[in-house]
Each structure stands twice: as structure tokens, then as C-alpha cells.
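Novice: Shown below is the structure under consideration.
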Amino acid sequence: MIRAFVAVALVFLLTAALARAEPLTIKIGYVGRAEKKATISLLDYPPDNDGVAGTRLALDDNNTTGKFLNQHFLLEEVRVKDGTDPADVVLQLADRGISFFIMDLPADMLLKAAEAGRGRDLVFFNAGAIDDRLREEDCRADVIHTAPTRSMLADGLAQYLVFKRWLRWLLVAGSHETDKLFADALRRAAGRFGARIVEQRVFEDTGGARRTDSGLVQIQRQIPLFLQGAPAHDVVVAADESEVFASYLPYRTRDPRPVAGSAGLVPKSWDAAHDQWGANQLQNRFMQLFSRRMTALDIQAWSAARMIGEAAARVAAGDPQTIFAYLKGPDFALAAFKGQKLTLRDWNLQLRQPILLADGRTIVSVSPQEGFLHQFSELDTLGIDRPETKCRLK
Amino acid sequence: MKSNHLSTVMPALGKAMWRCVSAGICVTIAFAGDARAYKAYVSNEKSNTISIIDTAERKVVGTIKVGQRPRGIAITKDQKYVLVAVGDDDTIQMIDTTSNKVVDTLPSGPDPELFTDDPSGRLLYVANENNNTVTIIDIERRARLGDVEVGVEPEGMGLSPDGKILVNTSETTNMAHFIDTATRQIVANILVDARPRFAQFKDDGSELWVSSEIGGTVSVIDPVKRAVKRKINFTVPGMRQEAIQPVGIAITHDGKTGFVALGPANRIAVIDAATHQVQKFLLVGQRVWHMAFTPDEKYLLTTNGVSNDVSVIDVAALKVIDTIQVGELPWGIAISQR
């Protein structure tokens, strides 16, 4: 009788102990693209785990912190093909208890995915799409943007070119839609900060393989031919998100001029060469885990996952409402190895961030450049600012 | 002879001063009382050297070549060795203070950054930045005794005056971990503002100050209740808040005045340590991170990483009186007690 009593008591204590030890579990879904973009340079070819690796590193960091707070973070990864409807994927993940979604999808697919989640208290993080319209006319109250916008990237570059007094730009744009969008952003940046586009040329994509065995011999004649007869200029600015021509420009231009934009001096949210402000600690941790260097998509996804972790630590909760409220509140700030705290623009939920200018080997500069002033935050000299925004969050 | 008489009567005068007086050439060199000469050792993160400063002459009197990426620097209690963490070499080098040569290393664990020794001077507690651990070393036996798992990117190390609690701060986890030095277990974790860098107890153990570089504040923690009792904010007229990044902290022995290095704000904040009010800002060099008092607390020397120099502050007058050029990216500073 006593033995039975003792046995029951022991089971009771054991389950009670287990119940106390059970950590708060926070599940995150990563929804990425199935296809990878072809690039001109071998060095730019995106790795298979681009983006999700950054997420995993953040979860590692979150879980180290989580040990002290009895919180645990889990990740599920799904890939979707371009042009398909991601609604099913979102709903399936939501059914499995996932409330936080880190997305690397093209703009229209991102909007479809967020719409599928309406009414289910889901929080979406846009880690991949740089379209300004997602933060302007197409902004949504349930989407936080950790990726910079085209306008932020263009402004970051323009501020440096103006600092250098390289004010006359020969703008070369690709023929695809995204190339034109980047060219528009660069044009806006030039007007905003005092540069002058002396001429804009379009480089038509006529198809054909990017990598041919002896193509170099022809390219060094084609490029100067394409650029001849241009008005006097200080820099060749290239808008080529489609990876058709920009990487061929440096050292092949007709006149000896630096190249910037999609090649040469490139504006990005992160680069493997970034080592300032303690960044080499993050780069080391990433390298140890994944045996490769960190990309811009990696840091954008990392930022999203760290935002969730930081919020969960501060509010000691894991539900999306509490976490989202904290992220939108006045106390939220993210330390992201860029020398100052990153905060959210309250009008469109865009993460403010410095923009790195990389030449492929080092970080040449970081914008915003000194001297570009702002009433509230110098980071808001980059991109579309509050007084100009078309966004009405809904 | 006159000079001998002087040297026996006033042994406290620095050598340079004595020569000046006996030659009759120099007039009084701004006698701030007797300027006792201590040695300040400054780690130069980029040049991989240590600059030795004579605090009386206020100039560099020697340079020691060390390993890669020297940062945390301290002097053993017996004043025999300068210890410097050379992070990229994954070790702590021991420099003999008489010969100024590297004579040995300590098994610090990977990527040591900051460290502190215990009151007896026998043990060293080291933050291993890349590994999320604190390593404990027996200095005399040059042996690793064990480690404690902490948060992500540990850096700040503050030991309570009674030696019972070691506080380690982790930059990405944003916590101050309280470690019981007897059991080597973490007994409390306190969330602070973003990117804590430095932990400093008052000499009477009544308060623990923790700086948050990105958060822009210093948290004043009650070590008994183990809770933040108030936060010190900094506002410099005309300067954007993001540039105000508190890192190093020094508090006078009497617990009355605190000094906080504000990084790219290029200033030291002077704080009434009783009321926690900021009294004034002292303009020093660029990206000021760490500092140390001379043993008599007459001077406070600060390391200005981006301008590659050290500022000397007259503590009583609260004025910056000198700037000394050192190596590249000066990081830490330790001053001899003799």
C-alpha cells in the first residue's frame, strides 16, 4: 500500500519536474525559392542554403540565449517554385504551429503568401524582395521587411558617389523589368543627392549562354564599342539585376572610369568581407557552421530570426501577438554588427539599416555618409521617407 | 653633493624631474604635487604591439611585439607579468615586466578577449568570444582548470570585490551572467540593453555597472537583489544618439565618481556615482573604449582606437591634459601599481 503510494508520488513529482523543465517552443518557417539565379561570375553563384543558413545561425544564437530563459527555437524549411501559389505551403506550416515566416520570395508570391495567412495571426518577414512597392502601395500590416529596398541601395551608393564628387553618371540599364526598376531608383537617387545622369543606355539581353569557353576575347571588344560616344562622365553606373552584362564592365569601359551599381562598387546589406563593429565574430560563427561565407540574403534572414529571438527574450513569451507588438513598439532595437542599432520604420515596417559598399574584396564605405542630415534618423536618408510614403498599413 | 641630497630626500620624484632640477635648467614642470612614474601598458589591436607609457613623462618609452590581435590586458597582482590576450593566436601571452619580453603563454581557450584575475592573484577568468565560454586558469601552474558555458560572444568580466561572484556579459545574448566562483555555476542571468561590453563593480561591492554599446545605456545593478535598479542615459547636445556607445567603465575607489567611455562619441562621461547623474563630458580622441587610473587616482588614461592615441585626464580637475600617440587601434590599458 505504502509502496504504491510512494510510486504514485514519484510519478507525480517526475511529471511536475518535467512540466517545469518544458521550454517555451517557438517555431519558425523559412519559405525560399526552389530555383537559383544564374550569375555572370562564378564567385557570385548563390549557395544551396543561401538565406536558410543565416536563419539557422540566428536560431543557434537564439537557442544559446534561450537556455537561460527556458525558450527553444525550431526551424522548418520549404522551397517553392517561381510562379506557383505559395498559399498551401503557408497554411500547412501554420497548421503545424508555425506563426513566424521568414520569406525569400518574389514580390507577388510574397503578397499571395501573406494574404493566405490573413486572420490567422501570422507574422511575415520579407528577407528577400527589394521591391519598393512592397513598402509603399502594396504594404501590409503583417509583413516586416528585413531586406533593404532598391531605393535604399541606390541611395547608399549615390551618397558615396556624391561624397567622392563623381557627379556625372553614365547609366547603363538592362532590358528586363527589375533592371529598369533599379535604374529608376538610381535616377531618383541622383536627383535627390545632386548627381547628374549625362546619358542612359540600354543593354539589350539577346539571350545566349553566360558562360562560354572563349567568350572573353569577344567581350573586351564589344563593351567599349557599346559605350563609345558617351558624353563626359565620372562613373559608369550599371543597373543589371538580371546578370546579363554589368560584371563585364569593369576594366573594359571605353574611358578609364570606375563602375558602380550592379558591378564594381556594389551596394549591399552584407558582404563576406565585412569585419567592422564585431562582424568578424558573426562571420567566424557562420563559417564554422557552414564552411562558406555569408551573403546578403543570409544576413537579411538572420536579422528576421534574431528579431524574433530578441523580442521573445524581452517579453518572455512566444506567441505572435506579443512578439509582434514588441517589435512595433518603442523599445525594440536590433544589434546587427553595423555600428548602430537597427529599428523599424513605423509607417511601413521596414528595418532601418546602413548600406555597405563592397568592391568584392573589401568594404569601401558604409552609408549613410557623414554630412547627410536628417531630423529623426540619418538612416532615413536612405530610401523612401515618411513624408513621401504611399503606404497606409492595413 | 646637491644632486645626491635631492635624490635621497625626495625619492618620490621621477628621474627626469631630478635631472631637470639639478641642472638648474628647467623651471617647475607644472608640479601637480609629486608626479610619480607608473607604467601604462596599452594593447594595440592592429599593430600587434604593446606601447609602454611612462605616466610621469607622459610619453611612450617602449614597444613590445606580441601575437595577433592583442586586446584584453592586465598586470598580475605581484606586478611580475603583463598578461595580454592575443585573440587570433588563441592564447594569453605573459610578458616579464623587467625584461619586457614575452616569456610564456597561458592556455586561455580559443579567442580570448577580456579577462580578470581573482583577489588572490592565482586564478584568471577569461572570456572566449568565439566559443560562448568563460575559461578558468591557474596562472602559476599555467593550467586550465575548467570552463563555464555562457551566452553568445562573451566579453565583459567583472569580479565582485569579495571574489565570490564573477559577472560575465555576452554581447549577442544581451545578458550579464552571475557566476558563483566556488561552484562555477551560473546563479543568475540579467537581461540588459543591446550589446553589453563591460562589467564593473564598485569597490565596496554595492553596485555593478554594465555598459550596453548599441543600447546606449549603462545599467546599474543591485548585486544582492540581482536586478537592474536604474539605467544611465547619455545625451550630448548636437550629437546623434546612435553615436553614443558606452563601452569601458572606471569608478574611483571611494565609489563617488564614475567614468564611462562613449566610443564614437569621442567623449568620457563623468558621473556622480551616488546620484547616477551625468556631470560633464570630456572630449578625448576618436572611438574611446577603455581606461585605467594611475594607482594614486590622479590620472585616468583612455584608449582612443581610431585616432591611435591615449588621452590623459587630470581626475581632480576633470580636464584632459595630454594626448599620447601609441600604436594602431589601441584597445586596452593596464597601469602598474608601483
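Lettering and numbering for the C-alpha cells are positional, with chains as A, B, ... in the shown order, residues counted from 1 in each chain, and ligands counted from 1 in the shown order.
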Can you pull out the residues contacting B:Glu242? Cut-off 10 Å, using only C-alpha atoms, and skip same-chain residues under 3 positions away; I want them as a short mmCIF file (atom, residue, chain, number, x, y, z; two decimals) with N, CA and C atoms, in the first residue's frame.

Specialist:
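Okay, part-v6.cif is ready:
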```
data_model
loop_
_atom_site.label_atom_id
_atom_site.label_comp_id
_atom_site.auth_asym_id
_atom_site.auth_seq_id
_atom_site.Cartn_x
_atom_site.Cartn_y
_atom_site.Cartn_z
N GLY A 339 27.37 48.80 -36.43
CA GLY A 339 27.82 50.00 -35.74
C GLY A 339 26.74 50.85 -35.13
N GLN A 340 25.50 50.54 -35.34
CA GLN A 340 24.41 51.26 -34.67
C GLN A 340 23.19 50.36 -34.63
N LYS A 341 22.24 50.73 -33.75
CA LYS A 341 21.08 49.86 -33.59
C LYS A 341 20.16 49.98 -34.80
N LEU A 342 19.52 48.85 -35.13
CA LEU A 342 18.55 48.84 -36.23
C LEU A 342 17.15 48.86 -35.63
N SER A 377 16.41 60.33 -37.97
CA SER A 377 17.42 59.28 -38.00
C SER A 377 18.16 59.37 -39.32
N GLU A 378 19.48 59.41 -39.26
CA GLU A 378 20.24 59.54 -40.51
C GLU A 378 20.03 58.33 -41.42
N GLU B 213 26.60 48.83 -25.47
CA GLU B 213 27.16 49.65 -26.55
C GLU B 213 26.10 50.09 -27.55
N ILE B 214 25.27 49.17 -28.02
CA ILE B 214 24.26 49.52 -29.02
C ILE B 214 23.02 50.09 -28.33
N GLY B 215 22.70 49.58 -27.16
CA GLY B 215 21.56 50.12 -26.42
C GLY B 215 21.79 51.55 -25.98
N GLY B 216 23.07 51.93 -25.80
CA GLY B 216 23.40 53.31 -25.45
C GLY B 216 23.24 53.66 -23.98
N MET B 239 24.70 65.88 -30.88
CA MET B 239 25.23 64.61 -31.36
C MET B 239 24.10 63.60 -31.47
N GLN B 245 27.96 55.33 -27.67
CA GLN B 245 28.07 53.87 -27.48
C GLN B 245 28.98 53.57 -26.29
N PRO B 264 32.36 56.09 -30.35
CA PRO B 264 32.46 57.07 -31.43
C PRO B 264 31.91 58.45 -31.08
N ALA B 265 31.36 58.61 -29.87
CA ALA B 265 31.00 59.96 -29.41
C ALA B 265 32.26 60.70 -28.97
#
```

Novice: With 10 Å as the limit and counting only C-alpha atoms, what residues in chain B lie close to chain A? Please list them as a short mmCIF file (atom, residue, chain, number, x, y, z; two decimals) with N, CA and C atoms, in the first residue's frame.

Specialist:
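Result saved to iface-v7.cif:
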```
data_model
loop_
_atom_site.label_atom_id
_atom_site.label_comp_id
_atom_site.auth_asym_id
_atom_site.auth_seq_id
_atom_site.Cartn_x
_atom_site.Cartn_y
_atom_site.Cartn_z
N ASP B 111 40.26 32.23 -28.83
CA ASP B 111 39.83 33.61 -29.00
C ASP B 111 39.55 34.33 -27.67
N GLU B 129 35.57 34.69 -26.79
CA GLU B 129 34.50 35.34 -27.54
C GLU B 129 33.84 34.43 -28.57
N ASN B 130 34.63 33.61 -29.27
CA ASN B 130 34.06 32.80 -30.34
C ASN B 130 33.34 31.56 -29.84
N ASN B 131 33.54 31.20 -28.56
CA ASN B 131 33.09 29.89 -28.10
C ASN B 131 32.01 29.90 -27.05
N ASN B 132 31.52 31.07 -26.72
CA ASN B 132 30.47 31.16 -25.69
C ASN B 132 30.88 30.52 -24.37
N GLU B 149 29.79 27.55 -19.45
CA GLU B 149 29.08 27.92 -20.68
C GLU B 149 28.24 29.15 -20.43
N VAL B 150 28.44 30.17 -21.25
CA VAL B 150 27.69 31.41 -21.06
C VAL B 150 26.93 31.72 -22.35
N GLY B 151 26.57 32.99 -22.54
CA GLY B 151 25.79 33.39 -23.71
C GLY B 151 26.69 33.61 -24.92
N VAL B 152 26.10 34.20 -25.99
CA VAL B 152 26.81 34.35 -27.24
C VAL B 152 27.73 35.57 -27.21
N GLU B 153 28.98 35.36 -27.57
CA GLU B 153 30.01 36.41 -27.61
C GLU B 153 30.30 37.02 -26.24
N SER B 170 27.46 38.86 -22.19
CA SER B 170 27.53 38.29 -23.54
C SER B 170 26.86 39.25 -24.52
N GLU B 171 27.62 39.62 -25.56
CA GLU B 171 27.23 40.72 -26.45
C GLU B 171 25.97 40.47 -27.25
N THR B 172 25.77 39.24 -27.71
CA THR B 172 24.62 38.98 -28.57
C THR B 172 23.44 38.43 -27.78
N THR B 173 23.73 37.77 -26.65
CA THR B 173 22.66 37.29 -25.78
C THR B 173 22.12 38.44 -24.93
N ASN B 174 22.88 39.52 -24.82
CA ASN B 174 22.45 40.72 -24.08
C ASN B 174 22.19 40.46 -22.61
N MET B 175 23.06 39.63 -22.00
CA MET B 175 22.87 39.34 -20.58
C MET B 175 24.14 39.57 -19.78
N HIS B 177 25.75 37.51 -16.85
CA HIS B 177 25.63 36.22 -16.15
C HIS B 177 26.38 36.31 -14.83
N ILE B 186 26.33 29.15 -13.01
CA ILE B 186 25.62 30.41 -13.19
C ILE B 186 24.46 30.44 -12.22
N ALA B 188 22.55 33.47 -11.75
CA ALA B 188 21.54 34.45 -12.18
C ALA B 188 21.91 34.98 -13.56
N ASN B 189 20.90 35.36 -14.31
CA ASN B 189 21.12 35.98 -15.62
C ASN B 189 20.25 37.23 -15.69
N ILE B 190 20.87 38.37 -15.99
CA ILE B 190 20.09 39.61 -16.05
C ILE B 190 20.14 40.14 -17.48
N LEU B 191 18.95 40.37 -18.06
CA LEU B 191 18.87 40.96 -19.40
C LEU B 191 19.21 42.45 -19.30
N VAL B 192 20.12 42.91 -20.15
CA VAL B 192 20.42 44.34 -20.20
C VAL B 192 20.16 44.83 -21.63
N ASP B 193 20.47 46.08 -21.90
CA ASP B 193 20.22 46.62 -23.23
C ASP B 193 21.23 46.05 -24.22
N ALA B 194 20.99 46.33 -25.51
CA ALA B 194 21.72 45.63 -26.57
C ALA B 194 23.24 45.80 -26.52
N ARG B 195 23.94 44.69 -26.68
CA ARG B 195 25.38 44.58 -26.84
C ARG B 195 26.16 45.06 -25.62
N GLU B 213 26.60 48.83 -25.47
CA GLU B 213 27.16 49.65 -26.55
C GLU B 213 26.10 50.09 -27.55
N ILE B 214 25.27 49.17 -28.02
CA ILE B 214 24.26 49.52 -29.02
C ILE B 214 23.02 50.09 -28.33
N GLY B 215 22.70 49.58 -27.16
CA GLY B 215 21.56 50.12 -26.42
C GLY B 215 21.79 51.55 -25.98
N GLY B 216 23.07 51.93 -25.80
CA GLY B 216 23.40 53.31 -25.45
C GLY B 216 23.24 53.66 -23.98
N ARG B 240 24.09 62.84 -32.60
CA ARG B 240 23.02 61.86 -32.76
C ARG B 240 23.19 60.73 -31.75
N GLN B 241 22.06 60.24 -31.23
CA GLN B 241 22.10 59.22 -30.18
C GLN B 241 22.86 57.97 -30.59
N GLU B 242 22.75 57.59 -31.87
CA GLU B 242 23.37 56.32 -32.30
C GLU B 242 24.88 56.32 -32.12
N ALA B 243 25.49 57.50 -32.09
CA ALA B 243 26.95 57.57 -31.97
C ALA B 243 27.40 57.42 -30.51
N ILE B 244 26.46 57.50 -29.58
CA ILE B 244 26.81 57.40 -28.16
C ILE B 244 26.78 55.93 -27.78
N GLN B 245 27.96 55.33 -27.67
CA GLN B 245 28.07 53.87 -27.48
C GLN B 245 28.98 53.57 -26.29
N PRO B 264 32.36 56.09 -30.35
CA PRO B 264 32.46 57.07 -31.43
C PRO B 264 31.91 58.45 -31.08
#
```

Novice: Taking 4 positions as the minimum chain separation for residues in the same chain, which residues sit within 8 Å of B:Lys231 when counting only C-alpha atoms? Answer as a list in words.

Specialist: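 Once the nearby chain positions are removed, what remains is Thr217, Val218, Ser219 and Val220 of chain B.
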
Novice: Write to file, as a PDB file, in the first residue's frame, the residues of the selection just made, with C-alpha atoms.

Specialist:
```
ATOM      1  CA  THR B 217      22.971  52.950 -21.691  1.00  0.00           C
ATOM      2  CA  VAL B 218      24.761  51.849 -18.537  1.00  0.00           C
ATOM      3  CA  SER B 219      22.684  49.560 -16.310  1.00  0.00           C
ATOM      4  CA  VAL B 220      23.232  49.986 -12.584  1.00  0.00           C
TER       5      VAL B 220
END
```

Novice: Using only C-alpha atoms, which protein or nucleic acid residues come within 10 Å of A:Arg133? Drop anything in the same chain fewer than 3 positions from it, and give the result as a ChimeraX atom specification.

Specialist: /A:107,130,136-139,149-150,390-391

Novice: May I have the selected residues written with C-alpha atoms, as a short mmCIF file (atom, residue, chain, number, x, y, z; two decimals), in the first residue's frame?

Specialist:
```cif
data_model
loop_
_atom_site.label_atom_id
_atom_site.label_comp_id
_atom_site.auth_asym_id
_atom_site.auth_seq_id
_atom_site.Cartn_x
_atom_site.Cartn_y
_atom_site.Cartn_z
CA ALA A 107 7.08 40.26 -54.59
CA ILE A 130 13.86 44.51 -52.54
CA GLU A 136 4.67 51.60 -50.49
CA GLU A 137 1.36 50.99 -52.29
CA ASP A 138 1.45 47.23 -51.57
CA CYS A 139 2.50 47.48 -47.92
CA THR A 149 14.74 48.36 -50.79
CA ARG A 150 16.09 49.23 -54.19
CA LYS A 390 2.35 55.90 -50.20
CA CYS A 391 1.99 53.24 -47.51
#
```

Novice: Could you list, as a list in words, every residue within 12 Å of A:His233, counting only C-alpha atoms and ignoring same-chain residues fewer than 6 positions away?

Specialist: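 The contact residues come out as Arg165, Trp166, Leu167, Arg168, Trp169, Leu170, Leu171, Ala195, Arg196, Ile197, Val198, Glu199, Gln200, Leu227, Thr253, Arg254, Asp255, Pro256, Arg257, Pro258 and Val259 of chain A.
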
Novice: Contacts of B:Asp104 at 8 Å or less, counting only C-alpha atoms, minus same-chain residues fewer than 4 places along, as a ChimeraX atom specification?

Specialist: /B:93-95

Novice: Export, as a JSON list (two decimals), in the first residue's frame, the selected residues with C-alpha atoms.

Specialist:
```json
[["chain", "number", "residue", "atom", "x", "y", "z"],
["B", 93, "GLN", "CA", 50.91, 35.87, -23.51],
["B", 94, "MET", "CA", 52.89, 36.56, -20.33],
["B", 95, "ILE", "CA", 55.36, 39.43, -20.53]]
```

Novice: Enter the distance from atom CA of B:Leu166 to atom CA of B:Val84, in Å, rounded to one decimal.

Specialist: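 Computing it gives 19.6 Å between the two atoms.
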
Novice: DSSP on the backbone: what in stretch 159-268 of chain A comes out strand (DSSP E or B), as a PyMOL selection string?

Specialist: chain A and resi 168-174+196-203+235-239+259-261+265-268

Novice: Take the residues just selected and output them with C-alpha atoms as a PDB file, in the first residue's frame.

Specialist:
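result-v7.pdb, freshly written:
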```
ATOM      1  CA  ARG A 168      28.418  62.771 -63.824  1.00  0.00           C
ATOM      2  CA  TRP A 169      26.990  59.317 -64.312  1.00  0.00           C
ATOM      3  CA  LEU A 170      26.712  57.258 -67.472  1.00  0.00           C
ATOM      4  CA  LEU A 171      23.787  55.000 -66.579  1.00  0.00           C
ATOM      5  CA  VAL A 172      23.612  51.626 -68.336  1.00  0.00           C
ATOM      6  CA  ALA A 173      20.386  49.716 -67.721  1.00  0.00           C
ATOM      7  CA  GLY A 174      19.439  46.165 -68.637  1.00  0.00           C
ATOM      8  CA  ARG A 196      23.662  64.153 -62.962  1.00  0.00           C
ATOM      9  CA  ILE A 197      22.908  61.353 -65.392  1.00  0.00           C
ATOM     10  CA  VAL A 198      24.643  62.506 -68.562  1.00  0.00           C
ATOM     11  CA  GLU A 199      23.128  59.700 -70.610  1.00  0.00           C
ATOM     12  CA  GLN A 200      21.210  56.448 -70.143  1.00  0.00           C
ATOM     13  CA  ARG A 201      21.846  53.481 -72.429  1.00  0.00           C
ATOM     14  CA  VAL A 202      20.069  50.153 -72.533  1.00  0.00           C
ATOM     15  CA  PHE A 203      21.981  46.888 -72.829  1.00  0.00           C
ATOM     16  CA  VAL A 235      31.498  56.876 -63.335  1.00  0.00           C
ATOM     17  CA  VAL A 236      29.617  54.166 -65.224  1.00  0.00           C
ATOM     18  CA  VAL A 237      26.607  53.141 -63.167  1.00  0.00           C
ATOM     19  CA  ALA A 238      25.085  49.806 -64.131  1.00  0.00           C
ATOM     20  CA  ALA A 239      21.554  48.559 -63.409  1.00  0.00           C
ATOM     21  CA  VAL A 259      31.978  51.074 -62.417  1.00  0.00           C
ATOM     22  CA  ALA A 260      29.280  51.095 -59.738  1.00  0.00           C
ATOM     23  CA  GLY A 261      25.805  49.668 -59.154  1.00  0.00           C
ATOM     24  CA  LEU A 265      31.256  49.233 -56.302  1.00  0.00           C
ATOM     25  CA  VAL A 266      28.093  47.395 -55.215  1.00  0.00           C
ATOM     26  CA  PRO A 267      25.621  48.493 -52.516  1.00  0.00           C
ATOM     27  CA  LYS A 268      24.525  45.576 -50.307  1.00  0.00           C
TER      28      LYS A 268
END
```
